[in-house]
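K.L.:
Got upload.cif for you, mmCIF, C-alpha atoms:
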data_start
#
loop_
_atom_site.group_PDB
_atom_site.id
_atom_site.type_symbol
_atom_site.label_atom_id
_atom_site.label_comp_id
_atom_site.auth_asym_id
_atom_site.auth_seq_id
_atom_site.Cartn_x
_atom_site.Cartn_y
_atom_site.Cartn_z
ATOM 1 C CA MET X 9 -23.737 -114.283 -55.869
ATOM 2 C CA ARG X 10 -25.386 -114.939 -52.529
ATOM 3 C CA ARG X 11 -27.101 -111.880 -51.073
ATOM 4 C CA ARG X 12 -28.102 -111.214 -47.509
ATOM 5 C CA GLU X 13 -30.275 -108.267 -46.603
ATOM 6 C CA LEU X 14 -29.666 -106.934 -43.136
ATOM 7 C CA LEU X 15 -32.545 -104.525 -42.867
ATOM 8 C CA LYS X 16 -35.154 -103.413 -45.363
ATOM 9 C CA GLY X 17 -35.137 -104.266 -49.040
ATOM 10 C CA MET X 18 -33.230 -102.421 -51.739
ATOM 11 C CA ALA X 19 -34.552 -99.012 -52.764
ATOM 12 C CA SER X 20 -34.909 -97.716 -56.299
ATOM 13 C CA THR X 21 -32.089 -95.746 -57.840
ATOM 14 C CA ALA X 22 -34.233 -92.845 -58.977
ATOM 15 C CA VAL X 23 -33.022 -89.622 -57.423
ATOM 16 C CA GLY X 24 -34.816 -86.331 -57.156
ATOM 17 C CA VAL X 25 -37.957 -87.236 -59.118
ATOM 18 C CA GLY X 26 -41.344 -88.366 -57.794
ATOM 19 C CA TRP X 27 -44.288 -89.660 -59.783
ATOM 20 C CA LEU X 28 -47.992 -88.807 -59.346
ATOM 21 C CA ALA X 29 -50.606 -91.510 -59.842
ATOM 22 C CA GLN X 30 -51.466 -89.950 -63.242
ATOM 23 C CA GLY X 31 -47.840 -90.481 -64.447
ATOM 24 C CA GLN X 32 -46.702 -86.854 -64.309
ATOM 25 C CA ALA X 33 -43.177 -86.255 -63.037
ATOM 26 C CA VAL X 34 -42.701 -83.620 -60.339
ATOM 27 C CA ALA X 35 -39.668 -82.483 -58.388
ATOM 28 C CA SER X 36 -39.520 -84.191 -54.981
ATOM 29 C CA ALA X 37 -39.054 -82.105 -51.819
ATOM 30 C CA THR X 38 -36.535 -84.650 -50.559
ATOM 31 C CA PRO X 39 -34.092 -86.800 -52.570
ATOM 32 C CA CYS X 40 -35.269 -90.340 -53.294
ATOM 33 C CA PRO X 41 -33.202 -93.084 -51.677
ATOM 34 C CA ALA X 42 -30.172 -94.203 -53.670
ATOM 35 C CA HIS X 43 -28.471 -97.576 -53.814
ATOM 36 C CA HIS X 44 -24.678 -97.624 -53.479
ATOM 37 C CA VAL X 45 -22.126 -100.350 -54.062
ATOM 38 C CA VAL X 46 -18.859 -100.638 -52.162
ATOM 39 C CA ARG X 47 -16.480 -103.210 -53.595
ATOM 40 C CA ILE X 48 -13.924 -104.875 -51.359
ATOM 41 C CA ALA X 49 -10.830 -105.768 -53.363
ATOM 42 C CA ALA X 50 -7.091 -105.988 -52.648
ATOM 43 C CA PHE X 51 -7.850 -105.314 -48.977
ATOM 44 C CA ALA X 52 -9.504 -101.951 -49.568
ATOM 45 C CA PHE X 53 -13.048 -100.558 -49.601
ATOM 46 C CA SER X 54 -13.842 -98.790 -52.853
ATOM 47 C CA PRO X 55 -14.940 -96.043 -52.631
ATOM 48 C CA ALA X 56 -13.309 -95.425 -49.264
ATOM 49 C CA ARG X 57 -15.361 -92.233 -48.832
ATOM 50 C CA LEU X 58 -19.015 -92.684 -49.738
ATOM 51 C CA SER X 59 -21.607 -89.902 -49.753
ATOM 52 C CA VAL X 60 -24.945 -91.149 -48.474
ATOM 53 C CA GLN X 61 -28.306 -89.972 -47.180
ATOM 54 C CA PRO X 62 -30.634 -91.615 -44.621
ATOM 55 C CA GLY X 63 -32.817 -94.126 -46.428
ATOM 56 C CA ASP X 64 -30.137 -95.059 -48.956
ATOM 57 C CA THR X 65 -28.872 -98.630 -49.108
ATOM 58 C CA ILE X 66 -25.264 -99.763 -49.347
ATOM 59 C CA ALA X 67 -24.229 -103.120 -50.790
ATOM 60 C CA TRP X 68 -20.763 -104.366 -49.853
ATOM 61 C CA ILE X 69 -19.450 -106.917 -52.362
ATOM 62 C CA ASN X 70 -16.303 -108.915 -51.547
ATOM 63 C CA ASP X 71 -14.007 -109.580 -54.508
ATOM 64 C CA ASP X 72 -11.146 -110.964 -52.353
ATOM 65 C CA PHE X 73 -10.873 -114.677 -51.638
ATOM 66 C CA VAL X 74 -10.558 -114.119 -47.894
ATOM 67 C CA PRO X 75 -13.580 -112.960 -45.884
ATOM 68 C CA HIS X 76 -14.016 -109.385 -44.674
ATOM 69 C CA THR X 77 -16.515 -107.350 -42.681
ATOM 70 C CA ALA X 78 -17.765 -103.766 -42.748
ATOM 71 C CA THR X 79 -18.128 -102.797 -39.086
ATOM 72 C CA ALA X 80 -18.717 -99.449 -37.377
ATOM 73 C CA VAL X 81 -15.708 -98.409 -35.285
ATOM 74 C CA ASP X 82 -17.967 -98.386 -32.189
ATOM 75 C CA ARG X 83 -19.505 -101.718 -33.301
ATOM 76 C CA SER X 84 -22.976 -100.106 -33.529
ATOM 77 C CA TRP X 85 -23.556 -101.663 -36.948
ATOM 78 C CA ASP X 86 -21.898 -104.675 -38.586
ATOM 79 C CA THR X 87 -22.426 -106.558 -41.826
ATOM 80 C CA GLY X 88 -21.029 -109.755 -40.309
ATOM 81 C CA GLU X 89 -18.666 -111.873 -42.366
ATOM 82 C CA ILE X 90 -18.777 -111.301 -46.117
ATOM 83 C CA GLY X 91 -17.271 -114.245 -48.010
ATOM 84 C CA GLN X 92 -15.802 -114.208 -51.504
ATOM 85 C CA HIS X 93 -18.368 -112.990 -54.078
ATOM 86 C CA GLU X 94 -20.944 -112.442 -51.295
ATOM 87 C CA CYS X 95 -22.976 -109.260 -50.911
ATOM 88 C CA VAL X 96 -24.471 -107.733 -47.760
ATOM 89 C CA VAL X 97 -26.896 -104.797 -47.892
ATOM 90 C CA VAL X 98 -27.419 -102.254 -45.096
ATOM 91 C CA GLU X 99 -29.916 -99.377 -44.951
ATOM 92 C CA VAL X 100 -28.438 -96.008 -43.996
ATOM 93 C CA THR X 101 -29.895 -94.285 -40.935
ATOM 94 C CA ALA X 102 -29.342 -90.726 -39.733
ATOM 95 C CA ALA X 103 -27.714 -91.844 -36.465
ATOM 96 C CA MET X 104 -25.373 -94.325 -38.136
ATOM 97 C CA THR X 105 -21.689 -94.186 -37.115
ATOM 98 C CA ARG X 106 -19.732 -92.878 -40.077
ATOM 99 C CA ASP X 107 -16.312 -94.498 -39.671
ATOM 100 C CA TYR X 108 -16.068 -98.223 -40.306
ATOM 101 C CA PHE X 109 -13.419 -100.894 -40.836
ATOM 102 C CA CYS X 110 -12.900 -104.600 -41.404
ATOM 103 C CA VAL X 111 -12.815 -106.442 -38.074
ATOM 104 C CA TYR X 112 -10.586 -109.148 -39.525
ATOM 105 C CA HIS X 113 -8.134 -106.689 -41.134
ATOM 106 C CA PRO X 114 -8.225 -103.476 -39.079
ATOM 107 C CA SER X 115 -5.936 -101.547 -41.416
ATOM 108 C CA MET X 116 -8.873 -101.522 -43.894
ATOM 109 C CA THR X 117 -10.869 -98.388 -43.110
ATOM 110 C CA ALA X 118 -13.525 -96.272 -44.808
ATOM 111 C CA VAL X 119 -16.061 -93.564 -43.999
ATOM 112 C CA LEU X 120 -19.653 -92.631 -44.814
ATOM 113 C CA ILE X 121 -20.160 -88.931 -45.589
ATOM 114 C CA PHE X 122 -23.561 -87.402 -44.936
ATOM 115 C CA GLY X 123 -24.729 -84.257 -46.685
ATOM 116 C CA GLU X 124 -22.430 -84.214 -49.756
ATOM 117 C CA ALA X 125 -23.498 -84.966 -53.347
ATOM 118 C CA GLY X 126 -21.911 -87.883 -55.236
ATOM 119 C CA ASP X 127 -19.438 -90.592 -54.204
ATOM 120 C CA SER X 128 -15.782 -89.817 -53.500
ATOM 121 C CA MET E 3 15.176 -110.304 -27.934
ATOM 122 C CA LYS E 4 14.670 -106.899 -29.568
ATOM 123 C CA LEU E 5 12.234 -106.756 -32.465
ATOM 124 C CA SER E 6 14.910 -105.323 -34.760
ATOM 125 C CA SER E 7 17.149 -108.302 -33.961
ATOM 126 C CA ILE E 8 14.340 -110.738 -34.775
ATOM 127 C CA VAL E 9 13.702 -109.108 -38.166
ATOM 128 C CA VAL E 10 17.398 -109.083 -39.026
ATOM 129 C CA ALA E 11 17.796 -112.704 -37.935
ATOM 130 C CA ALA E 12 14.814 -113.827 -40.014
ATOM 131 C CA GLY E 13 16.060 -111.931 -43.029
ATOM 132 C CA ILE E 14 19.601 -113.271 -42.714
ATOM 133 C CA ALA E 15 18.328 -116.817 -42.198
ATOM 134 C CA LEU E 16 16.404 -116.609 -45.454
ATOM 135 C CA ALA E 17 19.074 -114.715 -47.407
ATOM 136 C CA SER E 18 21.962 -116.881 -46.213
ATOM 137 C CA LEU E 19 20.362 -119.917 -47.801
ATOM 138 C CA GLY E 20 21.453 -118.509 -51.144
ATOM 139 C CA THR E 21 25.088 -118.028 -50.141
ATOM 140 C CA ALA E 22 25.729 -121.033 -47.887
ATOM 141 C CA HIS E 23 24.049 -123.609 -50.175
ATOM 142 C CA ALA E 24 24.043 -124.480 -53.880
ATOM 143 C CA ASN E 25 20.393 -123.413 -54.221
ATOM 144 C CA ALA E 26 18.916 -119.986 -53.563
ATOM 145 C CA PRO E 27 15.246 -118.985 -53.253
ATOM 146 C CA GLU E 28 15.490 -117.416 -56.728
ATOM 147 C CA ASP E 29 16.472 -120.818 -58.182
ATOM 148 C CA LEU E 30 13.292 -122.605 -57.088
ATOM 149 C CA ASN E 31 10.806 -123.669 -59.749
ATOM 150 C CA ASP E 32 7.053 -122.941 -59.596
ATOM 151 C CA LEU E 33 6.168 -126.201 -57.818
ATOM 152 C CA GLN E 34 8.908 -125.730 -55.225
ATOM 153 C CA ILE E 35 7.772 -122.141 -54.669
ATOM 154 C CA ALA E 36 4.213 -123.442 -54.199
ATOM 155 C CA HIS E 37 5.540 -125.876 -51.593
ATOM 156 C CA VAL E 38 7.325 -123.081 -49.724
ATOM 157 C CA ALA E 39 4.135 -120.990 -49.712
ATOM 158 C CA TYR E 40 2.062 -123.922 -48.471
ATOM 159 C CA THR E 41 4.650 -124.608 -45.765
ATOM 160 C CA ALA E 42 4.816 -120.944 -44.741
ATOM 161 C CA ASP E 43 1.006 -120.824 -44.477
ATOM 162 C CA ASN E 44 0.926 -123.966 -42.344
ATOM 163 C CA ILE E 45 3.648 -122.599 -40.077
ATOM 164 C CA ASP E 46 1.587 -119.470 -39.388
ATOM 165 C CA ILE E 47 -1.505 -121.595 -38.852
ATOM 166 C CA ARG E 48 0.476 -123.552 -36.259
ATOM 167 C CA TYR E 49 1.582 -120.341 -34.528
ATOM 168 C CA ALA E 50 -2.074 -119.207 -34.517
ATOM 169 C CA HIS E 51 -3.234 -122.419 -32.831
ATOM 170 C CA LEU E 52 -0.521 -121.921 -30.214
ATOM 171 C CA ALA E 53 -1.699 -118.351 -29.582
ATOM 172 C CA LEU E 54 -5.308 -119.473 -29.220
ATOM 173 C CA ALA E 55 -4.233 -122.131 -26.729
ATOM 174 C CA ILE E 56 -1.927 -119.957 -24.588
ATOM 175 C CA SER E 57 -2.918 -116.289 -24.896
ATOM 176 C CA GLU E 58 -5.745 -114.762 -22.882
ATOM 177 C CA ASN E 59 -5.611 -111.451 -24.775
ATOM 178 C CA PRO E 60 -8.707 -110.875 -26.987
ATOM 179 C CA ALA E 61 -6.735 -108.830 -29.538
ATOM 180 C CA VAL E 62 -4.153 -111.618 -29.875
ATOM 181 C CA HIS E 63 -6.976 -114.119 -30.282
ATOM 182 C CA ALA E 64 -8.608 -111.967 -32.968
ATOM 183 C CA PHE E 65 -5.316 -111.727 -34.861
ATOM 184 C CA ALA E 66 -4.733 -115.487 -34.560
ATOM 185 C CA GLN E 67 -8.268 -116.208 -35.841
ATOM 186 C CA THR E 68 -7.569 -114.006 -38.869
ATOM 187 C CA MET E 69 -4.326 -115.880 -39.524
ATOM 188 C CA LEU E 70 -6.171 -119.199 -39.359
ATOM 189 C CA ARG E 71 -8.941 -117.973 -41.623
ATOM 190 C CA ASP E 72 -6.752 -116.294 -44.232
ATOM 191 C CA HIS E 73 -3.869 -118.756 -44.465
ATOM 192 C CA THR E 74 -6.355 -121.609 -44.751
ATOM 193 C CA ALA E 75 -8.098 -119.746 -47.592
ATOM 194 C CA VAL E 76 -4.789 -119.168 -49.385
ATOM 195 C CA ASN E 77 -3.851 -122.832 -49.056
ATOM 196 C CA GLU E 78 -7.226 -123.880 -50.430
ATOM 197 C CA GLN E 79 -6.762 -121.597 -53.436
ATOM 198 C CA ALA E 80 -3.221 -122.881 -53.996
ATOM 199 C CA LEU E 81 -4.217 -126.539 -53.795
ATOM 200 C CA ALA E 82 -7.196 -125.951 -56.089
ATOM 201 C CA LEU E 83 -4.912 -124.329 -58.656
ATOM 202 C CA LEU E 84 -2.358 -127.119 -58.469
ATOM 203 C CA ASP E 85 -5.157 -129.651 -58.812
ATOM 204 C CA GLU E 86 -6.375 -127.817 -61.923
ATOM 205 C CA LEU E 87 -2.844 -127.877 -63.311
ATOM 206 C CA GLY E 88 -2.432 -131.563 -62.444
ATOM 207 C CA ALA E 89 0.668 -130.789 -60.396
ATOM 208 C CA GLN E 90 2.026 -131.524 -56.931
ATOM 209 C CA PRO E 91 4.063 -129.088 -54.824
ATOM 210 C CA GLN E 92 7.708 -130.157 -54.511
ATOM 211 C CA ASP E 93 9.542 -130.292 -51.197
ATOM 212 C CA ASN E 94 12.831 -128.390 -51.132
ATOM 213 C CA PHE E 95 15.608 -126.996 -48.957
ATOM 214 C CA LEU E 96 13.779 -123.754 -48.163
ATOM 215 C CA SER E 97 10.592 -125.469 -46.948
ATOM 216 C CA GLN E 98 12.701 -127.701 -44.731
ATOM 217 C CA GLN E 99 14.652 -124.739 -43.379
ATOM 218 C CA LEU E 100 11.442 -122.844 -42.555
ATOM 219 C CA LEU E 101 10.027 -125.892 -40.761
ATOM 220 C CA GLU E 102 13.198 -126.365 -38.732
ATOM 221 C CA GLN E 103 13.231 -122.715 -37.660
ATOM 222 C CA SER E 104 9.532 -122.736 -36.835
ATOM 223 C CA GLN E 105 9.904 -125.756 -34.546
ATOM 224 C CA LYS E 106 12.479 -123.835 -32.494
ATOM 225 C CA LEU E 107 10.074 -120.905 -32.197
ATOM 226 C CA VAL E 108 7.173 -123.141 -31.219
ATOM 227 C CA ASP E 109 9.342 -124.695 -28.496
ATOM 228 C CA GLU E 110 10.354 -121.244 -27.276
ATOM 229 C CA MET E 111 6.848 -119.720 -27.292
ATOM 230 C CA SER E 112 5.261 -122.810 -25.702
ATOM 231 C CA ALA E 113 7.269 -122.097 -22.540
ATOM 232 C CA LEU E 114 5.939 -118.534 -22.228
ATOM 233 C CA ARG E 115 2.783 -117.287 -20.603
ATOM 234 C CA GLY E 116 0.794 -114.058 -20.182
ATOM 235 C CA GLU E 117 2.172 -110.805 -21.568
ATOM 236 C CA GLN E 118 5.538 -112.414 -22.303
ATOM 237 C CA PHE E 119 3.885 -114.858 -24.674
ATOM 238 C CA ASP E 120 1.699 -112.173 -26.257
ATOM 239 C CA ARG E 121 4.649 -109.875 -26.981
ATOM 240 C CA ARG E 122 6.810 -112.711 -28.340
ATOM 241 C CA TYR E 123 3.972 -113.979 -30.559
ATOM 242 C CA ALA E 124 3.274 -110.474 -31.894
ATOM 243 C CA GLU E 125 6.965 -109.743 -32.537
ATOM 244 C CA ASN E 126 7.409 -113.068 -34.293
ATOM 245 C CA GLU E 127 4.301 -112.522 -36.438
ATOM 246 C CA LEU E 128 5.616 -109.139 -37.561
ATOM 247 C CA ALA E 129 9.125 -110.445 -38.275
ATOM 248 C CA TYR E 130 7.787 -113.566 -39.980
ATOM 249 C CA HIS E 131 5.441 -111.658 -42.276
ATOM 250 C CA GLN E 132 8.103 -109.078 -43.101
ATOM 251 C CA ALA E 133 10.588 -111.798 -44.042
ATOM 252 C CA VAL E 134 8.086 -113.872 -46.021
ATOM 253 C CA ASN E 135 6.733 -110.810 -47.828
ATOM 254 C CA ARG E 136 10.258 -109.804 -48.899
ATOM 255 C CA LEU E 137 10.865 -113.342 -50.144
ATOM 256 C CA VAL E 138 7.583 -113.438 -52.093
ATOM 257 C CA ALA E 139 7.986 -109.951 -53.585
ATOM 258 C CA ASN E 140 11.690 -110.112 -54.447
ATOM 259 C CA ALA E 141 12.567 -113.764 -55.017
ATOM 260 C CA PHE E 142 9.342 -115.570 -55.937
ATOM 261 C CA ILE E 143 6.969 -113.353 -57.928
ATOM 262 C CA PRO E 144 9.652 -112.138 -60.390
ATOM 263 C CA ASN E 145 10.695 -115.758 -61.081
ATOM 264 C CA ILE E 146 7.370 -117.600 -61.240
ATOM 265 C CA GLU E 147 6.746 -118.796 -64.784
ATOM 266 C CA HIS E 148 3.091 -119.884 -64.853
ATOM 267 C CA PRO E 149 0.782 -116.811 -65.067
ATOM 268 C CA ASP E 150 -1.946 -118.315 -62.832
ATOM 269 C CA VAL E 151 0.583 -119.201 -60.146
ATOM 270 C CA LYS E 152 2.027 -115.684 -60.377
ATOM 271 C CA GLN E 153 -1.456 -114.175 -60.047
ATOM 272 C CA LEU E 154 -2.151 -116.295 -56.966
ATOM 273 C CA PHE E 155 1.083 -115.169 -55.344
ATOM 274 C CA GLU E 156 0.319 -111.528 -56.150
ATOM 275 C CA ALA E 157 -3.073 -111.908 -54.458
ATOM 276 C CA GLY E 158 -1.398 -113.741 -51.586
ATOM 277 C CA LEU E 159 1.110 -110.927 -51.139
ATOM 278 C CA GLU E 160 -1.766 -108.429 -50.712
ATOM 279 C CA ILE E 161 -3.112 -110.620 -47.925
ATOM 280 C CA PHE E 162 0.240 -111.027 -46.184
ATOM 281 C CA LEU E 163 0.981 -107.301 -46.393
ATOM 282 C CA ALA E 164 -2.348 -106.687 -44.616
ATOM 283 C CA HIS E 165 -1.241 -109.216 -41.995
ATOM 284 C CA GLU E 166 2.054 -107.370 -41.607
ATOM 285 C CA ARG E 167 0.187 -104.096 -40.997
ATOM 286 C CA HIS E 168 -2.107 -105.824 -38.506
ATOM 287 C CA ALA E 169 0.908 -107.369 -36.720
ATOM 288 C CA GLU E 170 2.532 -103.908 -36.514
ATOM 289 C CA MET E 171 -0.588 -102.571 -34.799
ATOM 290 C CA MET E 172 -0.609 -105.538 -32.424
ATOM 291 C CA VAL E 173 3.071 -105.054 -31.494
ATOM 292 C CA LYS E 174 2.480 -101.343 -30.732
ATOM 293 C CA ASP E 175 -0.612 -102.088 -28.639
ATOM 294 C CA LEU E 176 1.261 -104.664 -26.566
ATOM 295 C CA GLN E 177 4.235 -102.407 -25.762
#
Mind converting the file's structure to structure tokens?

P.N.:
Amino acid sequence: MRRRELLKGMASTAVGVGWLAQGQAVASATPCPAHHVVRIAAFAFSPARLSVQPGDTIAWINDDFVPHTATAVDRSWDTGEIGQHECVVVEVTAAMTRDYFCVYHPSMTAVLIFGEAGDS
Amino acid sequence: MKLSSIVVAAGIALASLGTAHANAPEDLNDLQIAHVAYTADNIDIRYAHLALAISENPAVHAFAQTMLRDHTAVNEQALALLDELGAQPQDNFLSQQLLEQSQKLVDEMSALRGEQFDRRYAENELAYHQAVNRLVANAFIPNIEHPDVKQLFEAGLEIFLAHERHAEMMVKDLQ
């Protein structure tokens, strides 16, 4: 699987726990970044509603044999073409447009939800 | 021509093949069905090239580029599968009928320009995908014998249904 990173590298998946240099676990004041996966299959984004926080990363993986994109509806962010079995990773920012779609197949739509826990 | 008339005409043209001739779409074997699919893909690729050459509308161009991209991908998958199976697609009455009808449409659309062309192309894409999707869903998939060929057609139908939805959007935007 060929991977392309758009922005920064992938973050760890640990949530809500920080570590001191001495190895003691403490509760973090802010959630640690999470890594999410959105699969593109049968012309749909799954999950279509994804709960995220700034600093998280999202990996779109295309399981269809035609290419797709994940593109903000105002074109402010865009994964570019994602071919079959390819993966593109984007870092979530606070100002990021929530609604997105596939430029090649505009009936494919999805949304990023800020401020809710868990994926829908 | 009204869109509803185009859809009805396309549907009748495909359905009448079963009543006017000895063979019907349901009677085709897997290799003949593969040939029809390959032909149908190439017809839409041809329409897409025509749209890219004549239309000046960016949305029409975007749709045509998607048709080129996707139908080419489907054909590549189909040919790869047939190659794996050591088989060749078989020409048949339905492929020939589709080609004959498509030539008439190419001749008609080639004479149009501007918004007239765009609307005719969009209407034809919607009617074409509706007719082909009905054929694939009702006549082909239920009768395909080889499981890998059936799976390919099921995946193909997902793609063509997305094209139908996209064509619907394009028709509305051009009205």

K.L.:
Please return, as a PyMOL selection string, all residues of chain X lying within 9 Å of chain E when only C-alpha atoms are considered.

P.N.:
chain X and resi 50-51+72-75+111-116

K.L.:
Pull out every residue that the PyMOL selection byres ((chain E and resi 146) around 10) matches in the shown coordinates and put them as a ChimeraX atom specification.

P.N.:
/E:28,30-33,35-36,141-145,147-153,155

K.L.:
Excluding E:Glu170 and its own-chain neighbours fewer than 5 positions away, which residues fall within 9 Å of it when counting all atoms listed in the file? Please give them as a compact mmCIF listing (two decimals) with C-alpha atoms, in the coordinates of the input.

P.N.:
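Result went into out_1.txt, see below:
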# COMPACT_ATOMS: atom_id res chain seq x y z
CA ALA E 124 3.27 -110.47 -31.89
CA GLU E 125 6.96 -109.74 -32.54
CA GLU E 127 4.30 -112.52 -36.44
CA LEU E 128 5.62 -109.14 -37.56
CA HIS E 165 -1.24 -109.22 -42.00
CA ASP E 175 -0.61 -102.09 -28.64

K.L.:
I'd like the residues picked by the PyMOL selection byres ((chain X and resi 60) around 10) written out as number ranges by chain, using the chain letters and numbers from the file.

P.N.:
X: 41-44, 57-59, 61-66, 100-102, 120-127

K.L.:
Using all atoms listed in the file, which of E:Met172, E:Asn126, E:Asp46, E:Thr41 sits nearest E:Gln99?

P.N.:
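Nearest candidate to E:Gln99 out of E:Met172, E:Asn126, E:Asp46, E:Thr41: E:Thr41.
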
K.L.:
What does the distance between atom CA of X:His93 and atom CA of E:Ala82 come to in Å, to one decimal place?

P.N.:
17.2 Å

K.L.:
Got a sec: who's within 10 Å of E:Ser104, counting all atoms listed in the file, leaving out chain neighbours fewer than 6 positions off, as a compact mmCIF listing (two decimals) with C-alpha atoms, in the coordinates of the input?

P.N.:
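The result, written out as selection-v6.txt:
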# COMPACT_ATOMS: atom_id res chain seq x y z
CA ALA E 42 4.82 -120.94 -44.74
CA ILE E 45 3.65 -122.60 -40.08
CA ASP E 46 1.59 -119.47 -39.39
CA ARG E 48 0.48 -123.55 -36.26
CA TYR E 49 1.58 -120.34 -34.53
CA GLN E 98 12.70 -127.70 -44.73
CA GLU E 110 10.35 -121.24 -27.28
CA TYR E 130 7.79 -113.57 -39.98

K.L.:
Tell me, in Å to one decimal, how far atom CA of X:Gln92 is from atom CA of E:Asp85.

P.N.:
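Separation of atom CA of X:Gln92 and atom CA of E:Asp85: 20.1 Å.
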
K.L.:
One decimal, Å: what's the distance from atom CA of E:Asp120 over to atom CA of X:Tyr108, could you say?

P.N.:
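Spanning atom CA of E:Asp120 to atom CA of X:Tyr108 is a straight-line distance of 26.6 Å.
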
K.L.:
Box in all listed atoms of stretch 50-65 of chain X, axis-aligned, with 6 Å more on each side; write out centre and edge lengths in Å to one decimal as AutoDock Vina command-line options.

P.N.:
--center_x -20.0 --center_y -97.9 --center_z -48.7 --size_x 37.7 --size_y 28.1 --size_z 20.2

K.L.:
Please evaluate the PyMOL selection byres ((chain X and resi 81) around 8) against the structure above and give the resulting residues as a list in words.

P.N.:
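Taken on the displayed file, the PyMOL selection byres ((chain X and resi 81) around 8) yields the residues Thr79, Ala80, Asp82, Arg83, Ser84, Thr105, Asp107, Tyr108 and Phe109 of chain X.
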
K.L.:
Can you tell me which residues surround X:Pro55 at a distance of at most 10 Å, considering only C-alpha atoms, apart from same-chain residues fewer than 5 positions away, and format the answer as a ChimeraX atom specification?

P.N.:
/X:44-48,118-120,127-128

K.L.:
Pick from X:Phe53, X:Thr117, X:His76, X:Cys40: nearest to X:Glu94, with all atoms listed in the file counted?

P.N.:
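The shortest atom-to-atom distance to X:Glu94 comes from X:His76.
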